[in-house]
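K.L.:
Pasting run.cif here (mmCIF, C-alpha atoms):
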data_structure
loop_
_atom_site.label_atom_id
_atom_site.label_comp_id
_atom_site.auth_asym_id
_atom_site.auth_seq_id
_atom_site.Cartn_x
_atom_site.Cartn_y
_atom_site.Cartn_z
CA MET A 1 59.89 244.45 -34.84
CA LYS A 2 58.53 243.48 -31.45
CA ALA A 3 60.71 244.16 -28.41
CA TRP A 4 60.39 241.98 -25.32
CA PHE A 5 61.53 243.00 -21.84
CA PHE A 6 63.33 240.21 -20.02
CA THR A 7 65.01 239.66 -16.67
CA GLU A 8 66.11 236.32 -15.24
CA ASP A 9 65.14 237.37 -11.71
CA ALA A 10 68.62 236.86 -10.32
CA TYR A 11 69.55 236.72 -6.65
CA PRO A 12 72.88 238.61 -6.63
CA TYR A 13 73.62 238.74 -2.87
CA LEU A 14 76.26 236.03 -2.91
CA PRO A 15 79.40 235.39 -0.88
CA PRO A 16 82.83 235.89 -2.50
CA ASP A 17 83.06 233.57 -5.47
CA LYS A 18 86.25 232.03 -4.09
CA THR A 19 84.14 230.45 -1.35
CA TYR A 20 82.03 228.28 -3.66
CA ASP A 21 82.62 226.16 -6.76
CA SER A 22 79.51 226.87 -8.82
CA ILE A 23 76.71 229.43 -8.96
CA ARG A 24 74.50 226.72 -10.48
CA VAL A 25 73.24 223.32 -9.29
CA ASP A 26 75.08 222.95 -5.95
CA LEU A 27 75.38 226.43 -4.42
CA PRO A 28 73.99 225.92 -0.86
CA SER A 29 70.63 227.61 -0.33
CA LYS A 30 71.84 228.94 3.03
CA HIS A 31 73.09 231.88 0.96
CA TYR A 32 69.50 232.79 0.02
CA ASP A 33 67.74 235.30 2.28
CA PRO A 34 63.96 234.89 1.78
CA ALA A 35 63.27 238.45 2.93
CA LYS A 36 65.61 239.88 0.30
CA GLY A 37 64.19 237.41 -2.19
CA ALA A 38 60.65 238.63 -1.56
CA ASP A 39 61.76 242.21 -2.21
CA LEU A 40 63.37 241.11 -5.46
CA TYR A 41 60.21 239.33 -6.60
CA ASP A 42 58.28 242.56 -5.99
CA MET A 43 60.81 244.52 -8.04
CA TYR A 44 60.79 242.07 -10.93
CA LEU A 45 57.01 241.98 -11.09
CA ASP A 46 56.91 245.78 -11.01
CA LEU A 47 59.41 245.92 -13.90
CA TRP A 48 57.31 243.57 -16.01
CA CYS A 49 54.21 245.64 -15.30
CA ALA A 50 56.13 248.79 -16.24
CA ALA A 51 57.09 247.11 -19.53
CA ASP A 52 53.40 246.51 -20.19
CA GLU A 53 52.61 250.18 -19.55
CA MET A 54 55.47 251.32 -21.80
CA GLY A 55 54.30 249.25 -24.75
CA LEU A 56 56.91 246.50 -24.55
CA GLU A 57 56.11 242.82 -24.68
CA ILE A 58 57.06 240.56 -21.76
CA MET A 59 59.31 237.52 -21.64
CA ASN A 60 60.16 235.23 -18.75
CA ASN A 61 61.85 231.89 -18.26
CA GLU A 62 62.77 229.39 -15.59
CA HIS A 63 65.91 227.73 -14.27
CA HIS A 64 66.56 225.43 -11.37
CA GLN A 65 68.97 225.40 -8.42
CA THR A 66 70.75 228.59 -9.42
CA ALA A 67 71.15 232.16 -8.18
CA THR A 68 71.12 233.44 -11.75
CA CYS A 69 67.36 232.82 -12.00
CA VAL A 70 65.15 232.27 -8.97
CA VAL A 71 62.04 231.45 -10.99
CA PRO A 72 61.86 227.64 -10.91
CA ALA A 73 58.24 227.72 -12.11
CA ALA A 74 57.72 230.29 -14.86
CA PRO A 75 54.03 229.35 -15.31
CA ILE A 76 53.34 230.74 -11.83
CA MET A 77 54.90 234.07 -12.80
CA LEU A 78 52.92 234.07 -16.04
CA GLY A 79 49.70 233.47 -14.12
CA ILE A 80 50.42 236.51 -11.96
CA LEU A 81 51.33 238.63 -14.98
CA ALA A 82 48.23 237.49 -16.86
CA LYS A 83 46.12 239.37 -14.31
CA ARG A 84 48.50 242.26 -13.49
CA THR A 85 49.12 243.32 -17.09
CA LYS A 86 46.68 244.48 -19.74
CA ARG A 87 48.04 244.36 -23.27
CA ALA A 88 51.54 242.87 -23.48
CA ARG A 89 52.10 239.52 -25.11
CA LEU A 90 53.38 237.08 -22.48
CA LEU A 91 56.22 234.87 -23.67
CA ILE A 92 57.57 231.94 -21.70
CA LEU A 93 60.89 230.85 -23.19
CA GLY A 94 60.54 228.50 -22.01
CA ASN A 95 59.08 225.28 -20.73
CA PRO A 96 61.96 222.76 -20.44
CA ILE A 97 59.76 219.94 -21.69
CA ALA A 98 62.64 217.53 -22.31
CA ASN A 99 63.11 217.48 -18.54
CA ARG A 100 59.43 217.23 -17.59
CA ASN A 101 57.85 213.85 -16.98
CA GLN A 102 54.29 215.00 -17.71
CA PRO A 103 53.92 217.02 -20.94
CA VAL A 104 50.14 216.96 -20.47
CA ARG A 105 50.58 219.02 -17.30
CA VAL A 106 52.48 221.60 -19.37
CA ALA A 107 49.61 221.65 -21.87
CA GLU A 108 47.16 222.28 -19.01
CA GLU A 109 49.29 225.02 -17.41
CA MET A 110 49.77 226.88 -20.66
CA ALA A 111 46.11 226.62 -21.65
CA MET A 112 45.14 228.04 -18.27
CA VAL A 113 47.52 231.01 -18.65
CA ASP A 114 46.21 231.62 -22.17
CA VAL A 115 42.64 231.80 -20.87
CA LEU A 116 43.61 233.94 -17.86
CA SER A 117 45.31 236.43 -20.18
CA ARG A 118 42.50 236.26 -22.76
CA GLY A 119 44.79 235.02 -25.49
CA ARG A 120 48.08 236.83 -24.82
CA LEU A 121 50.29 233.77 -24.30
CA GLU A 122 53.29 232.99 -26.50
CA CYS A 123 54.47 229.50 -25.54
CA GLY A 124 58.14 228.58 -25.82
CA PHE A 125 59.60 225.09 -25.57
CA VAL A 126 63.25 224.46 -24.78
CA ARG A 127 65.43 221.44 -24.26
CA GLY A 128 66.99 223.03 -21.20
CA VAL A 129 70.56 224.20 -20.70
CA PRO A 130 73.28 221.70 -19.66
CA TYR A 131 73.05 222.78 -16.02
CA GLU A 132 69.42 221.63 -15.86
CA ALA A 133 70.05 217.91 -16.31
CA ALA A 134 71.18 217.28 -12.72
CA PRO A 135 68.41 219.30 -10.99
CA ALA A 136 65.84 217.53 -13.16
CA ASN A 137 67.37 214.12 -12.32
CA MET A 138 67.35 213.42 -16.05
CA SER A 139 69.93 212.08 -18.45
CA ALA A 140 70.91 214.65 -21.04
CA TRP A 141 71.08 211.89 -23.68
CA ARG A 142 68.42 212.17 -26.38
CA GLY A 143 67.14 215.39 -24.87
CA SER A 144 66.18 216.85 -28.23
CA GLU A 145 64.19 213.74 -29.11
CA ARG A 146 62.33 213.98 -25.81
CA LEU A 147 61.61 217.65 -26.54
CA TRP A 148 59.97 216.97 -29.89
CA GLU A 149 57.96 214.02 -28.65
CA ALA A 150 56.67 216.13 -25.73
CA HIS A 151 55.95 218.92 -28.23
CA ASP A 152 53.82 216.58 -30.35
CA LEU A 153 51.85 215.41 -27.33
CA ILE A 154 51.22 218.97 -26.10
CA LEU A 155 50.01 220.23 -29.48
CA LYS A 156 47.73 217.24 -29.85
CA ALA A 157 46.34 217.87 -26.36
CA TRP A 158 45.66 221.52 -27.24
CA THR A 159 43.93 220.75 -30.53
CA THR A 160 41.84 217.66 -29.68
CA HIS A 161 38.37 218.74 -28.53
CA ASP A 162 36.21 215.68 -29.12
CA GLY A 163 37.11 213.58 -26.11
CA PRO A 164 40.08 211.71 -24.65
CA PHE A 165 42.90 210.17 -26.66
CA ASN A 166 45.82 207.93 -25.75
CA PHE A 167 49.43 208.68 -26.66
CA GLU A 168 52.15 206.08 -27.07
CA GLY A 169 55.62 207.45 -27.71
CA ARG A 170 59.17 206.35 -27.13
CA PHE A 171 59.53 208.48 -24.00
CA PHE A 172 56.01 209.47 -23.00
CA HIS A 173 52.85 207.44 -22.48
CA ALA A 174 49.57 209.19 -21.70
CA ARG A 175 46.08 207.86 -21.09
CA GLN A 176 42.73 209.61 -21.39
CA VAL A 177 44.22 212.96 -22.45
CA ASN A 178 41.42 215.54 -22.40
CA VAL A 179 42.77 218.99 -21.50
CA TRP A 180 40.52 221.39 -19.59
CA PRO A 181 40.58 224.32 -20.12
CA ARG A 182 41.47 224.36 -23.78
CA PRO A 183 43.50 227.33 -25.05
CA TYR A 184 41.89 230.73 -25.65
CA GLN A 185 43.79 231.11 -28.94
CA GLN A 186 42.82 228.70 -31.68
CA PRO A 187 44.11 226.32 -32.75
CA HIS A 188 46.74 227.01 -30.08
CA PRO A 189 49.04 229.80 -28.81
CA PRO A 190 52.03 230.77 -30.96
CA VAL A 191 54.94 228.40 -30.34
CA TRP A 192 58.59 229.36 -29.95
CA VAL A 193 61.59 227.01 -29.84
CA THR A 194 65.20 227.95 -29.17
CA ILE A 195 67.69 227.17 -31.93
CA GLY A 196 71.47 226.94 -31.65
CA SER A 197 72.76 225.68 -35.00
CA GLY A 198 71.76 225.29 -38.64
CA PRO A 199 70.57 221.67 -38.18
CA SER A 200 68.55 222.60 -35.10
CA THR A 201 66.33 224.81 -37.26
CA ILE A 202 64.98 221.91 -39.34
CA PRO A 203 62.04 220.81 -37.14
CA VAL A 204 61.33 224.40 -36.04
CA ALA A 205 61.02 225.66 -39.62
CA ARG A 206 59.01 222.60 -40.62
CA HIS A 207 56.42 223.41 -37.94
CA LYS A 208 56.50 227.17 -38.78
CA HIS A 209 57.38 227.98 -35.16
CA ILE A 210 59.36 231.06 -34.13
CA GLY A 211 63.06 230.26 -33.77
CA ALA A 212 64.86 232.14 -30.99
CA VAL A 213 68.62 232.51 -30.71
CA PHE A 214 70.44 233.45 -27.48
CA LEU A 215 73.79 235.22 -27.54
CA ALA A 216 75.09 233.70 -30.76
CA GLY A 217 76.88 236.91 -31.66
CA TYR A 218 78.24 237.91 -35.04
CA ALA A 219 80.23 234.71 -35.51
CA GLY A 220 77.30 232.37 -34.96
CA ILE A 221 74.15 234.14 -36.08
CA ASN A 222 74.31 233.75 -39.85
CA ALA A 223 74.67 229.97 -39.85
CA ILE A 224 71.59 229.70 -37.62
CA PHE A 225 69.34 232.31 -39.23
CA ASP A 226 70.26 231.32 -42.78
CA GLY A 227 69.66 227.70 -41.87
CA TYR A 228 66.15 228.57 -40.72
CA ARG A 229 65.41 230.63 -43.83
CA ASP A 230 66.66 227.87 -46.14
CA ASN A 231 64.69 225.19 -44.32
CA TRP A 232 61.54 227.32 -44.32
CA THR A 233 61.73 227.70 -48.08
CA ARG A 234 62.51 224.00 -48.52
CA PHE A 235 59.47 222.95 -46.51
CA HIS A 236 56.96 225.62 -47.51
CA GLY A 237 58.09 226.93 -50.90
CA THR A 238 57.97 230.59 -49.88
CA ALA A 239 60.26 233.20 -48.37
CA MET A 240 60.28 233.14 -44.58
CA PRO A 241 58.24 235.88 -42.85
CA LEU A 242 60.47 238.17 -40.79
CA ASP A 243 58.53 237.45 -37.59
CA ARG A 244 59.71 233.82 -37.49
CA LEU A 245 63.14 234.76 -36.09
CA ALA A 246 64.12 236.24 -32.72
CA TYR A 247 67.41 237.29 -31.16
CA CYS A 248 68.16 237.65 -27.45
CA ALA A 249 70.89 239.97 -26.15
CA LEU A 250 71.66 242.18 -23.19
CA VAL A 251 70.44 245.75 -23.77
CA ASN A 252 71.29 248.90 -21.80
CA VAL A 253 70.33 252.44 -22.82
CA ALA A 254 71.52 255.58 -21.03
CA GLU A 255 71.54 259.32 -21.63
CA THR A 256 75.33 259.51 -21.80
CA LYS A 257 78.17 257.15 -22.65
CA ALA A 258 79.57 257.54 -19.13
CA GLU A 259 76.28 256.49 -17.57
CA ALA A 260 76.01 253.60 -20.01
CA GLU A 261 79.46 252.35 -19.02
CA ARG A 262 78.58 252.55 -15.31
CA THR A 263 75.29 250.67 -15.58
CA ALA A 264 76.72 248.20 -18.10
CA GLU A 265 79.09 246.90 -15.43
CA LYS A 266 76.07 246.01 -13.30
CA LEU A 267 74.12 244.38 -16.13
CA ILE A 268 77.07 242.27 -17.30
CA TRP A 269 76.91 240.51 -13.92
CA TYR A 270 74.81 237.94 -15.74
CA VAL A 271 77.92 236.78 -17.58
CA THR A 272 80.73 237.62 -15.16
CA SER A 273 79.06 235.78 -12.26
CA ASN A 274 78.59 232.57 -14.22
CA LYS A 275 81.09 230.44 -12.37
CA VAL A 276 80.30 226.84 -13.32
CA PRO A 277 82.65 223.81 -13.38
CA PRO A 278 82.92 221.56 -16.46
CA HIS A 279 80.93 218.69 -15.00
CA TRP A 280 77.84 220.90 -14.98
CA THR A 281 78.47 222.69 -18.30
CA ASN A 282 79.18 219.51 -20.26
CA PRO A 283 77.11 216.63 -18.84
CA PRO A 284 77.38 213.27 -20.65
CA GLY A 285 75.05 213.07 -23.60
CA TYR A 286 74.11 216.74 -23.83
CA PHE A 287 76.40 217.66 -26.73
CA PRO A 288 77.27 215.53 -29.76
CA PRO A 289 80.53 213.65 -29.07
CA PRO A 290 82.74 215.87 -31.29
CA VAL A 291 81.44 219.04 -29.55
CA ALA A 292 81.76 217.50 -26.08
CA ALA A 293 85.36 216.49 -26.90
CA GLN A 294 86.21 220.01 -28.04
CA ILE A 295 84.85 221.43 -24.79
CA LEU A 296 86.86 218.95 -22.72
CA LYS A 297 90.00 219.88 -24.63
CA GLY A 298 89.32 223.57 -24.08
CA GLY A 299 88.90 224.19 -27.78
CA ARG A 300 85.33 225.34 -27.54
CA LYS A 301 83.85 227.73 -25.00
CA LEU A 302 80.23 228.49 -24.24
CA ALA A 303 78.99 232.08 -24.30
CA LEU A 304 78.24 231.99 -20.57
CA ASP A 305 81.48 230.18 -19.78
CA THR A 306 83.58 233.27 -20.37
CA PRO A 307 83.17 235.30 -17.15
CA LYS A 308 86.34 237.34 -17.68
CA LEU A 309 84.96 239.09 -20.74
CA THR A 310 84.04 242.72 -20.18
CA ALA A 311 80.93 244.58 -21.26
CA GLU A 312 82.87 246.00 -24.20
CA ASP A 313 83.98 242.51 -25.21
CA GLN A 314 80.37 241.38 -25.29
CA MET A 315 79.40 244.46 -27.30
CA MET A 316 82.05 243.66 -29.90
CA ARG A 317 80.69 240.13 -30.14
CA GLY A 318 77.09 241.21 -30.69
CA ASN A 319 75.84 239.87 -27.37
CA PHE A 320 75.34 243.28 -25.74
CA PHE A 321 73.82 246.47 -27.17
CA CYS A 322 74.79 249.39 -24.93
CA GLY A 323 75.16 253.17 -25.00
CA THR A 324 73.09 256.24 -25.78
CA PRO A 325 69.87 255.78 -27.77
CA ASP A 326 71.72 256.58 -31.00
CA ASP A 327 74.48 254.11 -30.11
CA VAL A 328 72.05 251.31 -29.30
CA TYR A 329 69.97 251.85 -32.41
CA ALA A 330 73.09 251.80 -34.59
CA GLN A 331 74.36 248.62 -32.91
CA ILE A 332 71.05 246.77 -33.28
CA LYS A 333 70.61 247.98 -36.86
CA ASN A 334 74.06 246.73 -37.81
CA PHE A 335 73.43 243.33 -36.23
CA TYR A 336 69.97 243.16 -37.79
CA GLU A 337 71.37 243.82 -41.27
CA TYR A 338 74.41 241.57 -40.79
CA SER A 339 72.12 238.67 -39.81
CA GLY A 340 69.64 239.19 -42.63
CA GLY A 341 66.87 240.48 -40.40
CA PHE A 342 64.67 239.25 -37.56
CA GLY A 343 61.27 240.23 -36.21
CA HIS A 344 61.74 239.95 -32.44
CA LEU A 345 64.33 241.45 -30.10
CA LEU A 346 64.47 239.75 -26.69
CA MET A 347 66.13 242.20 -24.30
CA MET A 348 67.70 241.28 -21.00
CA MET A 349 67.60 244.77 -19.48
CA GLN A 350 68.05 243.87 -15.82
CA ALA A 351 70.54 241.60 -14.09
CA GLY A 352 72.70 241.56 -10.99
CA PHE A 353 72.64 244.75 -8.95
CA LEU A 354 71.05 246.99 -11.60
CA THR A 355 68.41 248.88 -9.65
CA TYR A 356 64.75 249.39 -10.40
CA ASP A 357 65.27 253.09 -11.23
CA GLU A 358 68.25 252.37 -13.48
CA THR A 359 66.33 249.67 -15.31
CA ILE A 360 63.22 251.82 -15.72
CA LYS A 361 65.33 254.64 -17.16
CA SER A 362 66.92 252.29 -19.68
CA MET A 363 63.53 250.84 -20.64
CA SER A 364 62.02 254.30 -21.03
CA LEU A 365 64.85 255.57 -23.24
CA PHE A 366 64.62 252.46 -25.39
CA THR A 367 60.85 252.74 -25.75
CA LYS A 368 60.86 256.43 -26.62
CA GLU A 369 64.03 256.82 -28.68
CA VAL A 370 65.08 253.42 -30.03
CA TYR A 371 61.95 251.31 -30.48
CA PRO A 372 60.17 253.61 -32.97
CA ARG A 373 63.21 253.54 -35.24
CA LEU A 374 63.43 249.75 -35.06
CA LYS A 375 59.76 249.46 -36.01
CA GLU A 376 60.36 251.75 -38.96
CA LEU A 377 63.44 249.75 -39.96
CA THR A 378 61.61 246.42 -40.03
CA ALA A 379 58.52 247.91 -41.69
CA LYS A 380 60.75 248.64 -44.69
CA TYR A 381 62.06 245.06 -44.86
CA ASP A 382 62.67 243.92 -48.43
CA PRO A 383 64.62 240.72 -49.20
CA GLU A 384 66.52 242.25 -52.13
CA ALA A 385 67.43 245.41 -50.26
CA MET A 386 68.50 243.27 -47.32
CA LYS A 387 71.09 241.52 -49.50
CA GLU A 388 72.77 244.86 -50.15
CA ALA A 389 72.57 245.84 -46.47
CA ARG A 390 74.14 242.52 -45.41
CA ALA A 391 77.04 243.12 -47.75
CA ARG A 392 77.74 246.46 -46.05
CA ALA A 393 77.26 245.40 -42.41
CA LYS A 394 80.39 244.36 -40.53
CA PRO A 395 81.07 243.25 -36.95
CA PRO A 396 82.40 246.13 -34.83
CA GLY A 397 85.45 244.06 -33.87
CA ASP A 398 86.70 240.76 -35.24
CA GLY A 399 83.30 239.22 -34.47
CA THR A 400 84.84 236.41 -32.47
CA THR A 401 82.31 234.77 -30.23
CA THR A 402 81.12 231.46 -28.91
CA ASP A 403 77.76 229.82 -29.28
CA TYR A 404 75.32 229.86 -26.37
CA PHE A 405 75.05 226.15 -25.78
CA GLY A 406 76.38 224.53 -28.92
CA VAL A 407 74.26 222.23 -31.03
CA GLU A 408 71.10 222.26 -28.98
CA PHE A 409 68.89 220.05 -31.11
CA ASN A 410 70.22 217.19 -33.20
CA ARG A 411 66.98 215.48 -34.23
CA LYS A 412 66.54 215.39 -38.01
CA ALA A 413 63.23 216.37 -39.53
CA SER A 414 61.02 213.39 -40.20
#
Could you spell out this file's structure in structure tokens?
P.N.:
Amino acid sequence: MKAWFFTEDAYPYLPPDKTYDSIRVDLPSKHYDPAKGADLYDMYLDLWCAADEMGLEIMNNEHHQTATCVVPAAPIMLGILAKRTKRARLLILGNPIANRNQPVRVAEEMAMVDVLSRGRLECGFVRGVPYEAAPANMSAWRGSERLWEAHDLILKAWTTHDGPFNFEGRFFHARQVNVWPRPYQQPHPPVWVTIGSGPSTIPVARHKHIGAVFLAGYAGINAIFDGYRDNWTRFHGTAMPLDRLAYCALVNVAETKAEAERTAEKLIWYVTSNKVPPHWTNPPGYFPPPVAAQILKGGRKLALDTPKLTAEDQMMRGNFFCGTPDDVYAQIKNFYEYSGGFGHLLMMMQAGFLTYDETIKSMSLFTKEVYPRLKELTAKYDPEAMKEARARAKPPGDGTTTDYFGVEFNRKAS
């Protein structure tokens, strides 16, 4: 298993939440202090560099017009990290290509980072969360179709080396495409795509990309992971390699349970601060009509639309692994076996007011006392033995959860 350190680079110094309607999209930027923001950027970069030194991989992402993530241009951060780190794989998860008007520019940016890092880039493509439609000035309708058309253009740009080509799609039209520089890794960097339902895994499995799941919890993970495995076998006639699946959760490791509880309350800020009104969480066209109707009726909640849930609630749901090293290993192992196995753990280990020292301590304990056991666990992966392990693994509570953002991709495999 590969473990990836992740922080969304939040800006937590906000006024009382009763004084504003939403932390995303329309929170006035007068609440942002650039001096404090500069200090935070320094801290986040130092944490990523520490992850590199500890032997963890690095993940970053971007969001727009929100205090939860003040990285509106993840490629810039990756360019910095490409020169400040030495060995870690650098994952962007990801480029919201459904909301970008120029996929060729994304191809250029990612090729440049791949060369700067001498082939350490892992390139993720995402549709973008519901809150991103308004900042991007894009309709959420047919977002998944835009994603896959942009994906096709980018991969063709990366792998065409004999002169310009033209591209005519439904959404994108490009002339004289001739990317310089071309990627360091050949034929192109590894590609990741987020998945949120069984059907969403179809094009990802067909392309053999890594499918990443965010906060699906016990209730949602099996439908997604099993869907990917089944589609992989259907398309390729073999069992899926373990490294094609990734799971993202909050992770907090401490020396004692009391310390874990104290720092968990800081880390869970990522969820508890997510005050967003329905018109941003459910924009027209983002979800299929039946899902959108359920959300409007209050019958379906999103994982980040449940700010009243505590850290323990999220632990019971499989969205948060927290405690002593033994606790965290046992929690991850149980989720790993319950889900049928995965090769990448994406760990949000810093959020809100969790300090640099507290985060470093958690990272260090994970690296020294949890990570070696996870590597040993996955090294012993055997499909038949996993069937028996899945039968034994149970959610710690009732497993009730909500999906991260519903059915993210609806495009059927061609």
K.L.:
Using all atoms listed in the file, which residue out of A:Leu250, A:Val204, A:Ile97, A:Ile295 lies closest to Glu8 (chain A)?
P.N.:
A:Leu250
K.L.:
Can you spell out as number ranges by chain the set of residues that the PyMOL selection byres ((chain A and resi 6) around 6) selects in the structure I just provided?
P.N.:
A: 5, 7, 59, 347-348
K.L.:
Measure the distance from CA of His173 (chain A) to CA of Gly143 (chain A) in Å and round it to one decimal.
P.N.:
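Taking CA of His173 (chain A) and CA of Gly143 (chain A), their separation equals 16.5 Å.
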K.L.:
Distance CA of Glu255 (chain A)-CA of Ile268 (chain A), one decimal place?
P.N.:
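So the two atoms, CA of Glu255 (chain A) and CA of Ile268 (chain A), lie 18.4 Å apart.
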K.L.:
Nearest to Gly343 (chain A) among A:Ile80, A:Leu377, A:Ala50, A:Ala254, with distances taken over only C-alpha atoms: which residue is it?
P.N.:
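Among the listed residues, the smallest separation from Gly343 (chain A) belongs to A:Leu377.
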K.L.:
Expanded to explicit residues, what is the PyMOL selection byres ((chain A and resi 392) around 12) for this file, as a PyMOL selection string?
P.N.:
chain A and resi 333-340+385-391+393-395
K.L.:
Carefully work through the PyMOL selection byres ((chain A and resi 278-285) around 9) for this structure and note down the residues it includes, as a ChimeraX atom specification.
P.N.:
/A:22,24-25,129-134,139-143,276-277,286-289,292,295-296,302,305,405
